[in-house]
file target_28.pdb (PDB, C-alpha atoms)
MODEL        1
ATOM      1  CA  MET A 236       0.000   0.000   0.000  1.00  0.00           C
ATOM      2  CA  LEU A 237       1.247   3.498  -0.817  1.00  0.00           C
ATOM      3  CA  SER A 238       2.112   5.712   2.133  1.00  0.00           C
ATOM      4  CA  ARG A 239       0.903   9.298   1.759  1.00  0.00           C
ATOM      5  CA  LYS A 240       1.897  12.370   3.742  1.00  0.00           C
ATOM      6  CA  ILE A 241       0.781  15.944   3.117  1.00  0.00           C
ATOM      7  CA  ARG A 242       2.460  19.000   4.599  1.00  0.00           C
ATOM      8  CA  PHE A 243       3.400  22.585   3.754  1.00  0.00           C
ATOM      9  CA  HIS A 244       6.881  23.159   2.414  1.00  0.00           C
ATOM     10  CA  GLU A 245       8.756  26.234   3.673  1.00  0.00           C
ATOM     11  CA  SER A 246       8.558  27.769   0.178  1.00  0.00           C
ATOM     12  CA  GLY A 247       4.771  28.030   0.441  1.00  0.00           C
ATOM     13  CA  GLN A 248       4.114  24.876  -1.557  1.00  0.00           C
ATOM     14  CA  LEU A 249       2.098  21.815  -0.658  1.00  0.00           C
ATOM     15  CA  LEU A 250       4.238  18.699  -0.489  1.00  0.00           C
ATOM     16  CA  PHE A 251       2.638  15.307  -1.113  1.00  0.00           C
ATOM     17  CA  ASN A 252       4.803  12.322  -0.155  1.00  0.00           C
ATOM     18  CA  ILE A 253       3.792   9.072  -1.860  1.00  0.00           C
ATOM     19  CA  ASP A 254       6.374   6.375  -1.132  1.00  0.00           C
ATOM     20  CA  PHE A 255       9.346   7.054  -3.425  1.00  0.00           C
ATOM     21  CA  PHE A 256       7.755  10.078  -5.102  1.00  0.00           C
ATOM     22  CA  SER A 257       6.973  13.576  -3.873  1.00  0.00           C
ATOM     23  CA  ILE A 258       4.776  16.086  -5.640  1.00  0.00           C
ATOM     24  CA  TYR A 259       5.162  19.810  -5.041  1.00  0.00           C
ATOM     25  CA  VAL A 260       2.082  21.903  -5.778  1.00  0.00           C
ATOM     26  CA  ASN A 261       2.855  25.607  -5.998  1.00  0.00           C
ATOM     27  CA  ILE A 262      -0.084  27.482  -4.444  1.00  0.00           C
ATOM     28  CA  ASN A 263       1.270  30.960  -5.080  1.00  0.00           C
ATOM     29  CA  SER A 264       0.390  33.325  -7.958  1.00  0.00           C
ATOM     30  CA  GLN A 265       1.519  30.851 -10.652  1.00  0.00           C
ATOM     31  CA  PRO A 266       0.348  27.406  -9.467  1.00  0.00           C
ATOM     32  CA  SER A 267       2.198  24.481 -10.985  1.00  0.00           C
ATOM     33  CA  ILE A 268       3.119  20.896 -10.185  1.00  0.00           C
ATOM     34  CA  PHE A 269       6.627  19.480  -9.820  1.00  0.00           C
ATOM     35  CA  PHE A 270       7.448  15.782  -9.583  1.00  0.00           C
ATOM     36  CA  LEU A 271      10.346  14.622  -7.437  1.00  0.00           C
ATOM     37  CA  ARG A 272      11.766  11.146  -7.010  1.00  0.00           C
ATOM     38  CA  LYS A 273      13.552  10.055  -3.876  1.00  0.00           C
ATOM     39  CA  GLY A 274      17.113   9.005  -4.617  1.00  0.00           C
ATOM     40  CA  VAL A 275      20.086   7.890  -2.555  1.00  0.00           C
ATOM     41  CA  ARG A 276      21.195  11.490  -1.991  1.00  0.00           C
ATOM     42  CA  GLY A 277      17.802  13.109  -1.644  1.00  0.00           C
ATOM     43  CA  PHE A 278      15.017  14.092  -4.001  1.00  0.00           C
ATOM     44  CA  ILE A 279      15.636  14.178  -7.749  1.00  0.00           C
ATOM     45  CA  GLY A 280      13.634  16.651  -9.845  1.00  0.00           C
ATOM     46  CA  LEU A 281      11.635  15.102 -12.683  1.00  0.00           C
ATOM     47  CA  ILE A 282      10.655  16.814 -15.926  1.00  0.00           C
ATOM     48  CA  ARG A 283       7.453  15.896 -17.769  1.00  0.00           C
ATOM     49  CA  THR A 284       8.417  15.667 -21.450  1.00  0.00           C
ATOM     50  CA  PHE A 285       7.253  14.714 -24.927  1.00  0.00           C
ATOM     51  CA  LEU A 286       8.400  14.860 -28.556  1.00  0.00           C
ATOM     52  CA  ALA A 287       6.317  16.826 -31.028  1.00  0.00           C
ATOM     53  CA  ILE A 288       6.160  18.755 -34.280  1.00  0.00           C
ATOM     54  CA  GLU A 289       5.317  22.449 -34.040  1.00  0.00           C
ATOM     55  CA  LEU A 290       2.787  24.131 -36.308  1.00  0.00           C
ATOM     56  CA  PRO A 291       3.383  27.436 -38.119  1.00  0.00           C
ATOM     57  CA  ASP A 292       1.521  30.536 -36.963  1.00  0.00           C
ATOM     58  CA  SER A 293      -0.622  30.572 -40.113  1.00  0.00           C
ATOM     59  CA  ILE A 294      -2.070  27.146 -39.265  1.00  0.00           C
ATOM     60  CA  LEU A 295      -2.520  27.998 -35.578  1.00  0.00           C
ATOM     61  CA  LYS A 296      -4.428  31.148 -36.534  1.00  0.00           C
ATOM     62  CA  ARG A 297      -6.811  29.134 -38.705  1.00  0.00           C
ATOM     63  CA  LEU A 298      -7.377  26.553 -35.960  1.00  0.00           C
ATOM     64  CA  LYS A 299      -8.091  29.325 -33.464  1.00  0.00           C
ATOM     65  CA  GLU A 300     -10.784  30.701 -35.788  1.00  0.00           C
ATOM     66  CA  VAL A 301     -12.423  27.282 -36.066  1.00  0.00           C
ATOM     67  CA  GLN A 302     -12.202  26.761 -32.328  1.00  0.00           C
ATOM     68  CA  GLN A 303     -13.959  30.091 -31.770  1.00  0.00           C
ATOM     69  CA  GLU A 304     -16.822  28.968 -34.008  1.00  0.00           C
ATOM     70  CA  LEU A 305     -17.128  25.685 -32.099  1.00  0.00           C
ATOM     71  CA  LYS A 306     -17.306  27.640 -28.852  1.00  0.00           C
ATOM     72  CA  THR A 307     -20.555  29.236 -30.032  1.00  0.00           C
ATOM     73  CA  CYS A 308     -22.174  25.863 -29.258  1.00  0.00           C
ATOM     74  CA  GLN A 309     -21.542  26.633 -25.569  1.00  0.00           C
ATOM     75  CA  ALA A 310     -20.731  22.973 -25.112  1.00  0.00           C
ATOM     76  CA  ASP A 311     -19.020  21.554 -22.045  1.00  0.00           C
ATOM     77  CA  VAL A 312     -15.541  21.282 -23.552  1.00  0.00           C
ATOM     78  CA  ARG A 313     -12.077  21.728 -22.075  1.00  0.00           C
ATOM     79  CA  TRP A 314     -10.430  23.597 -24.931  1.00  0.00           C
ATOM     80  CA  VAL A 315      -6.755  23.327 -25.803  1.00  0.00           C
ATOM     81  CA  ASP A 316      -4.967  26.677 -25.947  1.00  0.00           C
ATOM     82  CA  PRO A 317      -4.771  27.259 -29.728  1.00  0.00           C
ATOM     83  CA  ASN A 318      -1.228  28.601 -29.386  1.00  0.00           C
ATOM     84  CA  SER A 319      -0.165  25.290 -27.816  1.00  0.00           C
ATOM     85  CA  ILE A 320      -1.639  22.908 -30.392  1.00  0.00           C
ATOM     86  CA  HIS A 321       1.018  20.534 -31.734  1.00  0.00           C
ATOM     87  CA  LEU A 322       1.469  17.085 -33.248  1.00  0.00           C
ATOM     88  CA  THR A 323       2.640  14.697 -30.533  1.00  0.00           C
ATOM     89  CA  LEU A 324       5.006  11.989 -31.751  1.00  0.00           C
ATOM     90  CA  LYS A 325       5.939  10.409 -28.429  1.00  0.00           C
ATOM     91  CA  PHE A 326       5.017  11.082 -24.805  1.00  0.00           C
ATOM     92  CA  LEU A 327       8.075  10.362 -22.661  1.00  0.00           C
ATOM     93  CA  GLY A 328       6.605  11.052 -19.236  1.00  0.00           C
ATOM     94  CA  ASN A 329       8.635  12.170 -16.224  1.00  0.00           C
ATOM     95  CA  ILE A 330      12.386  12.036 -16.789  1.00  0.00           C
ATOM     96  CA  GLU A 331      15.486  13.178 -14.946  1.00  0.00           C
ATOM     97  CA  GLU A 332      17.404  16.110 -16.402  1.00  0.00           C
ATOM     98  CA  LYS A 333      20.452  13.917 -16.965  1.00  0.00           C
ATOM     99  CA  GLN A 334      18.407  11.807 -19.422  1.00  0.00           C
ATOM    100  CA  ILE A 335      17.935  14.695 -21.842  1.00  0.00           C
ATOM    101  CA  GLU A 336      21.311  14.193 -23.526  1.00  0.00           C
ATOM    102  CA  SER A 337      20.699  10.514 -24.294  1.00  0.00           C
ATOM    103  CA  ILE A 338      17.172  11.263 -25.530  1.00  0.00           C
ATOM    104  CA  VAL A 339      18.447  13.966 -27.884  1.00  0.00           C
ATOM    105  CA  LYS A 340      21.169  11.672 -29.249  1.00  0.00           C
ATOM    106  CA  THR A 341      18.603   8.922 -29.811  1.00  0.00           C
ATOM    107  CA  VAL A 342      16.260  11.288 -31.649  1.00  0.00           C
ATOM    108  CA  GLU A 343      19.157  12.579 -33.764  1.00  0.00           C
ATOM    109  CA  LYS A 344      19.903   9.005 -34.784  1.00  0.00           C
ATOM    110  CA  SER A 345      16.227   8.412 -35.578  1.00  0.00           C
ATOM    111  CA  VAL A 346      15.828  11.446 -37.854  1.00  0.00           C
ATOM    112  CA  GLN A 347      19.224  11.493 -39.578  1.00  0.00           C
ATOM    113  CA  ARG A 348      17.863   9.889 -42.759  1.00  0.00           C
ATOM    114  CA  THR A 349      14.582  11.807 -42.865  1.00  0.00           C
ATOM    115  CA  PRO A 350      14.327  14.765 -45.273  1.00  0.00           C
ATOM    116  CA  PHE A 351      11.949  17.683 -44.842  1.00  0.00           C
ATOM    117  CA  PHE A 352       8.381  16.699 -45.719  1.00  0.00           C
ATOM    118  CA  SER A 353       4.951  18.304 -46.009  1.00  0.00           C
ATOM    119  CA  LEU A 354       1.798  17.707 -44.002  1.00  0.00           C
ATOM    120  CA  LYS A 355      -1.717  18.757 -44.960  1.00  0.00           C
ATOM    121  CA  VAL A 356      -4.008  19.893 -42.170  1.00  0.00           C
ATOM    122  CA  GLN A 357      -7.402  18.701 -43.310  1.00  0.00           C
ATOM    123  CA  GLY A 358     -10.677  17.390 -41.927  1.00  0.00           C
ATOM    124  CA  MET A 359     -12.282  17.408 -38.505  1.00  0.00           C
ATOM    125  CA  GLY A 360     -13.717  14.600 -36.429  1.00  0.00           C
ATOM    126  CA  GLY A 361     -14.179  13.143 -32.984  1.00  0.00           C
ATOM    127  CA  PHE A 362     -12.913  10.198 -30.960  1.00  0.00           C
ATOM    128  CA  PRO A 363     -14.258   7.592 -30.437  1.00  0.00           C
ATOM    129  CA  ASP A 364     -17.118   8.430 -32.802  1.00  0.00           C
ATOM    130  CA  VAL A 365     -18.133  11.589 -34.631  1.00  0.00           C
ATOM    131  CA  ARG A 366     -21.718  11.173 -33.353  1.00  0.00           C
ATOM    132  CA  ASN A 367     -20.567  10.845 -29.758  1.00  0.00           C
ATOM    133  CA  PRO A 368     -17.255  12.717 -29.582  1.00  0.00           C
ATOM    134  CA  ARG A 369     -15.122  12.789 -26.458  1.00  0.00           C
ATOM    135  CA  VAL A 370     -12.104  14.322 -28.192  1.00  0.00           C
ATOM    136  CA  LEU A 371     -12.382  16.918 -30.975  1.00  0.00           C
ATOM    137  CA  TRP A 372      -9.572  16.632 -33.499  1.00  0.00           C
ATOM    138  CA  ILE A 373      -8.184  18.064 -36.727  1.00  0.00           C
ATOM    139  CA  GLY A 374      -6.768  15.595 -39.243  1.00  0.00           C
ATOM    140  CA  LEU A 375      -3.320  15.427 -40.830  1.00  0.00           C
ATOM    141  CA  GLU A 376      -2.440  13.892 -44.172  1.00  0.00           C
ATOM    142  CA  GLU A 377       1.015  12.984 -45.409  1.00  0.00           C
ATOM    143  CA  SER A 378       2.194  12.273 -48.928  1.00  0.00           C
ATOM    144  CA  GLY A 379       4.119   9.035 -48.730  1.00  0.00           C
ATOM    145  CA  PHE A 380       5.003   7.520 -45.380  1.00  0.00           C
ATOM    146  CA  LEU A 381       7.669   9.872 -44.031  1.00  0.00           C
ATOM    147  CA  LEU A 382       5.724  10.849 -40.898  1.00  0.00           C
ATOM    148  CA  SER A 383       4.611   7.343 -39.946  1.00  0.00           C
ATOM    149  CA  THR A 384       8.073   5.937 -40.682  1.00  0.00           C
ATOM    150  CA  LEU A 385       9.702   8.645 -38.573  1.00  0.00           C
ATOM    151  CA  GLN A 386       7.358   8.022 -35.647  1.00  0.00           C
ATOM    152  CA  ASN A 387       7.908   4.269 -35.849  1.00  0.00           C
ATOM    153  CA  ARG A 388      11.674   4.737 -35.880  1.00  0.00           C
ATOM    154  CA  LEU A 389      11.459   6.997 -32.819  1.00  0.00           C
ATOM    155  CA  GLU A 390       9.483   4.325 -30.972  1.00  0.00           C
ATOM    156  CA  LYS A 391      12.036   1.626 -31.754  1.00  0.00           C
ATOM    157  CA  GLU A 392      15.120   3.688 -30.921  1.00  0.00           C
ATOM    158  CA  LEU A 393      13.676   5.135 -27.702  1.00  0.00           C
ATOM    159  CA  GLU A 394      12.715   1.650 -26.545  1.00  0.00           C
ATOM    160  CA  LYS A 395      16.437   0.820 -26.553  1.00  0.00           C
ATOM    161  CA  ILE A 396      17.031   3.424 -23.830  1.00  0.00           C
ATOM    162  CA  GLY A 397      14.115   2.374 -21.668  1.00  0.00           C
ATOM    163  CA  PHE A 398      10.980   4.068 -23.034  1.00  0.00           C
ATOM    164  CA  LYS A 399       8.085   1.680 -23.458  1.00  0.00           C
ATOM    165  CA  PRO A 400       6.532   1.787 -26.954  1.00  0.00           C
ATOM    166  CA  GLU A 401       2.910   2.819 -27.354  1.00  0.00           C
ATOM    167  CA  ASP A 402       0.464  -0.077 -27.415  1.00  0.00           C
ATOM    168  CA  ARG A 403      -1.903   1.819 -29.740  1.00  0.00           C
ATOM    169  CA  PRO A 404      -1.399   2.516 -33.457  1.00  0.00           C
ATOM    170  CA  PHE A 405      -0.167   6.000 -34.342  1.00  0.00           C
ATOM    171  CA  HIS A 406      -3.014   8.175 -35.676  1.00  0.00           C
ATOM    172  CA  PRO A 407      -1.642  11.675 -36.353  1.00  0.00           C
ATOM    173  CA  HIS A 408      -4.076  14.392 -35.296  1.00  0.00           C
ATOM    174  CA  LEU A 409      -4.317  17.753 -33.560  1.00  0.00           C
ATOM    175  CA  THR A 410      -6.491  17.944 -30.446  1.00  0.00           C
ATOM    176  CA  LEU A 411      -8.835  20.947 -30.259  1.00  0.00           C
ATOM    177  CA  GLY A 412     -10.637  20.033 -27.052  1.00  0.00           C
ATOM    178  CA  ARG A 413     -12.073  17.311 -24.819  1.00  0.00           C
ATOM    179  CA  VAL A 414     -15.826  16.977 -24.330  1.00  0.00           C
ATOM    180  CA  LYS A 415     -16.817  16.705 -20.663  1.00  0.00           C
ATOM    181  CA  SER A 416     -20.604  16.220 -20.891  1.00  0.00           C
ATOM    182  CA  ASN A 417     -23.544  16.088 -23.325  1.00  0.00           C
ATOM    183  CA  ARG A 418     -24.304  19.807 -23.058  1.00  0.00           C
ATOM    184  CA  GLY A 419     -24.242  21.326 -26.532  1.00  0.00           C
ATOM    185  CA  LYS A 420     -23.102  18.052 -28.096  1.00  0.00           C
ATOM    186  CA  ALA A 421     -25.705  18.118 -30.894  1.00  0.00           C
ATOM    187  CA  CYS A 422     -24.372  21.485 -32.017  1.00  0.00           C
ATOM    188  CA  LEU A 423     -20.799  20.172 -31.939  1.00  0.00           C
ATOM    189  CA  VAL A 424     -21.737  17.166 -34.069  1.00  0.00           C
ATOM    190  CA  GLU A 425     -23.291  19.519 -36.623  1.00  0.00           C
ATOM    191  CA  LYS A 426     -20.107  21.622 -36.736  1.00  0.00           C
ATOM    192  CA  LEU A 427     -17.959  18.503 -37.138  1.00  0.00           C
ATOM    193  CA  GLY A 428     -20.022  17.598 -40.184  1.00  0.00           C
ATOM    194  CA  LYS A 429     -19.512  21.081 -41.613  1.00  0.00           C
ATOM    195  CA  TYR A 430     -15.720  20.835 -41.350  1.00  0.00           C
ATOM    196  CA  LYS A 431     -15.420  17.135 -42.127  1.00  0.00           C
ATOM    197  CA  GLU A 432     -13.430  17.728 -45.338  1.00  0.00           C
ATOM    198  CA  GLU A 433     -12.180  21.269 -44.651  1.00  0.00           C
ATOM    199  CA  PHE A 434      -8.641  22.127 -45.775  1.00  0.00           C
ATOM    200  CA  PHE A 435      -6.851  24.244 -43.147  1.00  0.00           C
ATOM    201  CA  GLY A 436      -3.460  24.555 -44.799  1.00  0.00           C
ATOM    202  CA  GLU A 437      -0.169  22.799 -45.471  1.00  0.00           C
ATOM    203  CA  PHE A 438       3.255  23.148 -43.896  1.00  0.00           C
ATOM    204  CA  GLU A 439       6.745  21.697 -44.104  1.00  0.00           C
ATOM    205  CA  VAL A 440       8.205  19.686 -41.246  1.00  0.00           C
ATOM    206  CA  GLU A 441      11.849  20.531 -40.630  1.00  0.00           C
ATOM    207  CA  GLY A 442      12.463  19.128 -37.172  1.00  0.00           C
ATOM    208  CA  VAL A 443      11.293  17.389 -34.015  1.00  0.00           C
ATOM    209  CA  ILE A 444      11.159  19.250 -30.701  1.00  0.00           C
ATOM    210  CA  LEU A 445      11.665  17.920 -27.183  1.00  0.00           C
ATOM    211  CA  PHE A 446       9.184  19.781 -24.977  1.00  0.00           C
ATOM    212  CA  LYS A 447       8.858  20.219 -21.237  1.00  0.00           C
ATOM    213  CA  SER A 448       5.291  20.290 -19.923  1.00  0.00           C
ATOM    214  CA  ASP A 449       4.433  22.212 -16.742  1.00  0.00           C
ATOM    215  CA  LEU A 450       0.998  21.257 -15.409  1.00  0.00           C
ATOM    216  CA  ARG A 451      -1.049  24.189 -14.122  1.00  0.00           C
ATOM    217  CA  PRO A 452      -4.725  24.653 -13.213  1.00  0.00           C
ATOM    218  CA  SER A 453      -5.171  27.005 -16.176  1.00  0.00           C
ATOM    219  CA  GLY A 454      -3.694  24.407 -18.529  1.00  0.00           C
ATOM    220  CA  PRO A 455      -0.259  22.981 -19.342  1.00  0.00           C
ATOM    221  CA  ILE A 456       2.628  25.252 -20.331  1.00  0.00           C
ATOM    222  CA  TYR A 457       4.904  23.811 -23.027  1.00  0.00           C
ATOM    223  CA  THR A 458       8.542  24.896 -23.201  1.00  0.00           C
ATOM    224  CA  PRO A 459      10.879  23.712 -25.986  1.00  0.00           C
ATOM    225  CA  LEU A 460      14.073  22.178 -24.602  1.00  0.00           C
ATOM    226  CA  LYS A 461      15.762  21.136 -27.832  1.00  0.00           C
ATOM    227  CA  GLU A 462      14.977  21.081 -31.559  1.00  0.00           C
ATOM    228  CA  ILE A 463      16.418  18.186 -33.533  1.00  0.00           C
ATOM    229  CA  ARG A 464      16.527  19.079 -37.216  1.00  0.00           C
ATOM    230  CA  LEU A 465      15.711  16.628 -39.975  1.00  0.00           C
ATOM    231  CA  ARG A 466      18.287  15.819 -42.626  1.00  0.00           C
ATOM    232  CA  GLY A 467      17.446  18.794 -44.815  1.00  0.00           C
ATOM    233  CA  SER A 468      16.176  19.514 -48.287  1.00  0.00           C
ATOM    234  CA  ARG A 469      14.162  16.998 -50.230  1.00  0.00           C
ATOM    235  CA  GLU A 470      15.828  14.717 -52.719  1.00  0.00           C
ATOM    236  CA  LYS A 471      13.952  13.581 -55.781  1.00  0.00           C
ATOM    237  CA  GLY A 472      12.826  10.009 -55.350  1.00  0.00           C
ATOM    238  CA  SER A 473      14.368   9.762 -51.892  1.00  0.00           C
ATOM    239  CA  GLY A 474      12.999   7.542 -49.163  1.00  0.00           C
ATOM    240  CA  VAL A 475      13.821   7.257 -45.512  1.00  0.00           C
TER     241      VAL A 475
ENDMDL
END

call {"tool": "encode", "arguments": {"input": "target_28.pdb", "output": "structure tokens"}}
result
Amino acid sequence: MLSRKIRFHESGQLLFNIDFFSIYVNINSQPSIFFLRKGVRGFIGLIRTFLAIELPDSILKRLKEVQQELKTCQADVRWVDPNSIHLTLKFLGNIEEKQIESIVKTVEKSVQRTPFFSLKVQGMGGFPDVRNPRVLWIGLEESGFLLSTLQNRLEKELEKIGFKPEDRPFHPHLTLGRVKSNRGKACLVEKLGKYKEEFFGEFEVEGVILFKSDLRPSGPIYTPLKEIRLRGSREKGSGV
């Protein structure tokens, strides 16, 4: 059974002790959560991280406009900050800072044969079903298999350094929001039908970014730690 202790830290934070882990919750003007792991020489700070592809401002602006229209349904949805929308390739979870170097080297190895490639942002739908959506998403389409091959290579290489591969198939998408109840759902379903085949733009992928995620009550804050560039310009007839 897990042992739990709760007390105030001298810095004005709540400290939750759960066996080998401690969680600091900042209750000051900028609340946030920090994960610590108990090591031989004390607590070790953990960083919540993931690998993703950033979107250009032109695409983010278009998604923000669509999100604003969906909000007119006044549905019970927890919306993703449009400026933070990204394409997640791999969620790494809580890591120690010393792991960053090995992760970056592994990603560099994974992308070294991948040229720049384009992605189309097109279509809108819902998981698990468009008639009963729990997650509202925007679709992505690739020409060829550069994205799926890249993601698969990342999974395989990161597994070698201790990161468990995903047990679900990779379905590239951009999350707009998560539906919390049935309020306004009929309106949302109608809007999803309207944008089912909508083309939102196209952009070129030039790199993969390692992000840090700070969890806060107002929503997560994503900070880029390192960008790993792809090989470079396209080559006619090239593969990966």

call {"tool": "resolve_selection", "arguments": {"input": "target_28.pdb", "expression": "the PyMOL selection byres ((chain A and resi 461) around 8)", "output": "MDAnalysis selection string"}}
result
chainID A and resid 339 444:446 459:460 462:463

call {"tool": "write_last_selection", "arguments": {"input": "target_28.pdb", "atoms": "C-alpha atoms", "output": "PDB file, keeping the file's coordinate frame"}}
result
ATOM      1  CA  VAL A 339      18.447  13.966 -27.884  1.00  0.00           C
ATOM      2  CA  ILE A 444      11.159  19.250 -30.701  1.00  0.00           C
ATOM      3  CA  LEU A 445      11.665  17.920 -27.183  1.00  0.00           C
ATOM      4  CA  PHE A 446       9.184  19.781 -24.977  1.00  0.00           C
ATOM      5  CA  PRO A 459      10.879  23.712 -25.986  1.00  0.00           C
ATOM      6  CA  LEU A 460      14.073  22.178 -24.602  1.00  0.00           C
ATOM      7  CA  GLU A 462      14.977  21.081 -31.559  1.00  0.00           C
ATOM      8  CA  ILE A 463      16.418  18.186 -33.533  1.00  0.00           C
TER       9      ILE A 463
END

call {"tool": "closest_residue", "arguments": {"input": "target_28.pdb", "among": "A:Leu427, A:Ile288, A:Ile330, A:Leu381", "to": "Asp364 in chain A", "atoms": "only C-alpha atoms"}}
result
A:Leu427

call {"tool": "closest_residue", "arguments": {"input": "target_28.pdb", "among": "A:Glu401, A:Asp311, A:Glu394, A:Glu441", "to": "Pro368 in chain A", "atoms": "all atoms listed in the file"}}
result
A:Asp311

call {"tool": "closest_residue", "arguments": {"input": "target_28.pdb", "among": "A:Ile320, A:Leu305, A:Ala421, A:Leu354", "to": "Gly379 in chain A", "atoms": "all atoms listed in the file"}}
result
A:Leu354

call {"tool": "closest_residue", "arguments": {"input": "target_28.pdb", "among": "A:Pro404, A:Glu433, A:Ser319, A:Glu304", "to": "Gln357 in chain A", "atoms": "only C-alpha atoms"}}
result
A:Glu433

call {"tool": "residues_around", "arguments": {"input": "target_28.pdb", "residues": "Tyr430 in chain A", "least_positions_apart": "2", "cutoff": "9 Å", "atoms": "only C-alpha atoms", "output": "PyMOL selection string"}}
result
chain A and resi 301+357-360+426-428+432-434

call {"tool": "closest_residue", "arguments": {"input": "target_28.pdb", "among": "A:Ser383, A:Ile373, A:Lys447, A:His321", "to": "Ile282 in chain A", "atoms": "all atoms listed in the file"}}
result
A:Lys447

call {"tool": "closest_residue", "arguments": {"input": "target_28.pdb", "among": "A:Val346, A:Cys422, A:Leu465, A:Val443", "to": "Gln309 in chain A", "atoms": "all atoms listed in the file"}}
result
A:Cys422

call {"tool": "resolve_selection", "arguments": {"input": "target_28.pdb", "expression": "the PyMOL selection byres ((chain A and resi 407) around 9)", "output": "PyMOL selection string"}}
result
chain A and resi 322-324+374-376+382-383+405-406+408-409

call {"tool": "axis_aligned_box", "arguments": {"input": "target_28.pdb", "around": "range 354-373 of chain A", "padding_each_side": "4 Å", "output": "JSON"}}
result
{"center_x": -10.0, "center_y": 13.7, "center_z": -35.7, "size_x": 31.5, "size_y": 20.3, "size_z": 26.5}

call {"tool": "resolve_selection", "arguments": {"input": "target_28.pdb", "expression": "the PyMOL selection byres ((chain A and resi 416) around 8)", "output": "list in words"}}
result
Ala310, Asp311, Val312, Val414, Lys415, Asn417, Arg418 and Lys420 of chain A

call {"tool": "atom_distance", "arguments": {"input": "target_28.pdb", "atom1": "CA of Leu371 in chain A", "atom2": "CA of Val356 in chain A"}}
result
14.3 Å

call {"tool": "atom_distance", "arguments": {"input": "target_28.pdb", "atom1": "CA of Glu332 in chain A", "atom2": "CA of Asp402 in chain A"}}
result
25.9 Å

call {"tool": "atom_distance", "arguments": {"input": "target_28.pdb", "atom1": "CA of Glu336 in chain A", "atom2": "CA of Gly280 in chain A"}}
result
15.9 Å
